[in-house]
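Enquirer: For reference, the structure I am asking about is given below.
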Amino acid sequence: MKERTLQIPYSTLTHDELSPIEQELERRALEAATGAYAPYSHFHVGAAVLLANGEIVTGSNQENAAYPSGTCAERTALFWASAQWPEVPVERLVIVAINSEGRVPFISPCGSCRQVIMEAATRFHPFPILLCGSEQTIRIEDCRQLLPLGFDGSAL
Ligand code: THU
């Protein structure tokens, strides 16, 4: 038996350390979060996707009285981007969230969203993901690292 360890490199940045386009993505994600349909959790999530053609696509969580029928902000944005521009790679994904007390310190994508992020990365190329919180942003340069040993379809 061999013991092995996976490490996930990430960096933390202040708001001012984000590039102008990343600041714009954060602003757009926050705008999207305010439009979330979250009457059950009251947790408002916003995602902004930058595409290689320069388009910014945003999404928010869309809840449902039948809870599993709702979906997360990340998937709303990524699926909408893919439906509108099926041939255009994703270059960045920014996520923010607001709860009843305001901006949360940290928002991390759920497992299903990580799987969908993985698909977008393997379909085109890996891209950075930025988890923008109230005090700082966590930046993961290669989004696939959020799903270690993930299923990417290569074995199909
Ligand atoms: N949610 C997202 O939209 N993205 C995440 O990364 C985590 C959770 C949503 C799903 C649900 O509407 C609410 O947040 C509470 O889980």
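We label chains A, B, ... in the order they appear in the structure tokens, count residues from 1 in each chain, and number ligands from 1 in the order shown.
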Ligand 1: which residues are within 8 Å, counting only C-alpha atoms and all ligand atoms, as a list in words?

Expert: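 The residues near ligand 1 are Tyr37, Ala38, Tyr40, Ser41, His42, Phe43, His44, Val45, Gly46, Ser60, Asn61, Gln62, Glu63, Gly70, Thr71, Cys72, Ala73, Glu74, Arg75, Ile95, Ala97, Ile107, Ser108, Pro109, Cys110 and Cys113 of chain A.
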
Enquirer: Running DSSP on the backbone, which parts of region 4-154 of chain A land in strand (DSSP E), as an NGL selection string?

Expert: :A and (11-13 or 44-51 or 56-60 or 90-99 or 102-103 or 129-132 or 137-140)

Enquirer: Identify, on the basis of only C-alpha atoms, every residue whose closest approach to region 134-147 of chain A does not exceed 6 Å; exclude the query and any residue fewer than 3 positions from it along the same chain; express the result as a short mmCIF file (atom, residue, chain, number, x, y, z; two decimals) with N, CA and C atoms, in the first residue's frame.

Expert:
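New file selection.cif:
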```cif
data_model
loop_
_atom_site.label_atom_id
_atom_site.label_comp_id
_atom_site.auth_asym_id
_atom_site.auth_seq_id
_atom_site.Cartn_x
_atom_site.Cartn_y
_atom_site.Cartn_z
N TYR A 10 -4.26 27.27 -3.45
CA TYR A 10 -5.18 28.39 -3.69
C TYR A 10 -4.54 29.64 -3.13
N SER A 11 -5.02 30.78 -3.59
CA SER A 11 -4.50 32.02 -3.03
C SER A 11 -5.66 32.84 -2.46
N THR A 12 -5.31 33.75 -1.55
CA THR A 12 -6.32 34.66 -1.02
C THR A 12 -5.96 36.08 -1.46
N LEU A 13 -6.96 36.81 -1.85
CA LEU A 13 -6.74 38.16 -2.37
C LEU A 13 -7.70 39.14 -1.71
N THR A 14 -7.25 40.37 -1.57
CA THR A 14 -8.17 41.42 -1.13
C THR A 14 -8.92 41.90 -2.38
N ARG A 103 -23.19 39.93 3.22
CA ARG A 103 -22.25 39.10 2.48
C ARG A 103 -21.66 38.03 3.38
N VAL A 104 -21.56 36.80 2.88
CA VAL A 104 -20.95 35.74 3.70
C VAL A 104 -19.44 35.79 3.52
N PRO A 105 -18.70 35.35 4.55
CA PRO A 105 -17.23 35.40 4.46
C PRO A 105 -16.69 34.49 3.36
N MET A 118 -16.46 20.88 -13.52
CA MET A 118 -15.50 19.93 -14.10
C MET A 118 -15.81 19.69 -15.58
N PRO A 126 -9.33 24.17 -18.47
CA PRO A 126 -9.55 24.58 -17.08
C PRO A 126 -9.50 26.11 -16.95
N PHE A 127 -10.21 26.60 -15.95
CA PHE A 127 -10.26 28.06 -15.75
C PHE A 127 -10.21 28.36 -14.25
N PRO A 128 -9.83 29.58 -13.89
CA PRO A 128 -9.82 29.95 -12.48
C PRO A 128 -11.22 30.15 -11.93
N ILE A 129 -11.37 29.82 -10.65
CA ILE A 129 -12.65 30.04 -9.97
C ILE A 129 -12.36 30.93 -8.76
N LEU A 130 -13.19 31.94 -8.57
CA LEU A 130 -12.97 32.90 -7.50
C LEU A 130 -14.17 32.89 -6.56
N LEU A 131 -13.90 32.56 -5.30
CA LEU A 131 -14.94 32.52 -4.27
C LEU A 131 -14.83 33.83 -3.50
N GLY A 150 -12.09 13.48 -9.28
CA GLY A 150 -13.45 13.59 -9.81
C GLY A 150 -13.66 12.75 -11.06
#
```

Enquirer: What does the distance between CA of His15 (chain A) and CA of Phe106 (chain A) come to in Å, to one decimal place?

Expert: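 Pair CA of His15 (chain A) / CA of Phe106 (chain A) returns 13.5 Å.
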
Enquirer: Could you find all residues in region 4-125 of chain A that DSSP calls alpha helix (DSSP H) from the backbone, and write them as a VMD selection string?

Expert: chain A and resid 20 to 33 73 to 84 111 to 123

Enquirer: With C-alpha atoms retained, export the selected residues as a short mmCIF file (atom, residue, chain, number, x, y, z; two decimals), in the first residue's frame.

Expert:
```cif
data_model
loop_
_atom_site.label_atom_id
_atom_site.label_comp_id
_atom_site.auth_asym_id
_atom_site.auth_seq_id
_atom_site.Cartn_x
_atom_site.Cartn_y
_atom_site.Cartn_z
CA PRO A 20 -10.53 44.98 -13.18
CA ILE A 21 -12.45 42.25 -15.03
CA GLU A 22 -12.60 40.14 -11.86
CA GLN A 23 -13.94 43.13 -9.91
CA GLU A 24 -16.54 43.57 -12.64
CA LEU A 25 -17.45 39.86 -12.39
CA GLU A 26 -17.85 40.18 -8.61
CA ARG A 27 -20.09 43.20 -9.09
CA ARG A 28 -22.20 41.33 -11.65
CA ALA A 29 -22.40 38.23 -9.41
CA LEU A 30 -23.63 40.39 -6.52
CA GLU A 31 -26.22 41.97 -8.77
CA ALA A 32 -27.35 38.48 -9.79
CA ALA A 33 -27.52 37.36 -6.14
CA ALA A 73 -26.43 29.89 -9.06
CA GLU A 74 -23.33 28.28 -10.59
CA ARG A 75 -25.32 25.77 -12.61
CA THR A 76 -27.85 28.39 -13.70
CA ALA A 77 -25.00 30.52 -15.06
CA LEU A 78 -22.95 27.71 -16.62
CA PHE A 79 -25.94 26.06 -18.30
CA TRP A 80 -27.21 29.39 -19.58
CA ALA A 81 -23.77 30.23 -20.95
CA SER A 82 -23.54 26.85 -22.67
CA ALA A 83 -27.05 27.14 -24.09
CA GLN A 84 -26.34 30.58 -25.56
CA GLY A 111 -20.77 18.84 -5.07
CA SER A 112 -23.20 18.88 -8.01
CA CYS A 113 -21.90 22.27 -9.12
CA ARG A 114 -18.31 21.03 -8.85
CA GLN A 115 -19.23 18.22 -11.24
CA VAL A 116 -20.73 20.71 -13.71
CA ILE A 117 -17.68 22.97 -13.35
CA MET A 118 -15.50 19.93 -14.10
CA GLU A 119 -17.48 19.30 -17.29
CA ALA A 120 -16.98 22.88 -18.49
CA ALA A 121 -13.24 22.56 -17.80
CA THR A 122 -12.81 19.25 -19.61
CA ARG A 123 -14.99 20.36 -22.51
#
```

Enquirer: Report, in Å with one decimal, the straight-line distance from CA of Glu55 (chain A) to CA of Glu87 (chain A).

Expert: 12.8 Å

Enquirer: Mind pulling up the distance from CA of Glu91 (chain A) to CA of Ile8 (chain A)?

Expert: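 Computing the Euclidean distance for CA of Ile8 (chain A) and CA of Glu91 (chain A) yields 19.7 Å.
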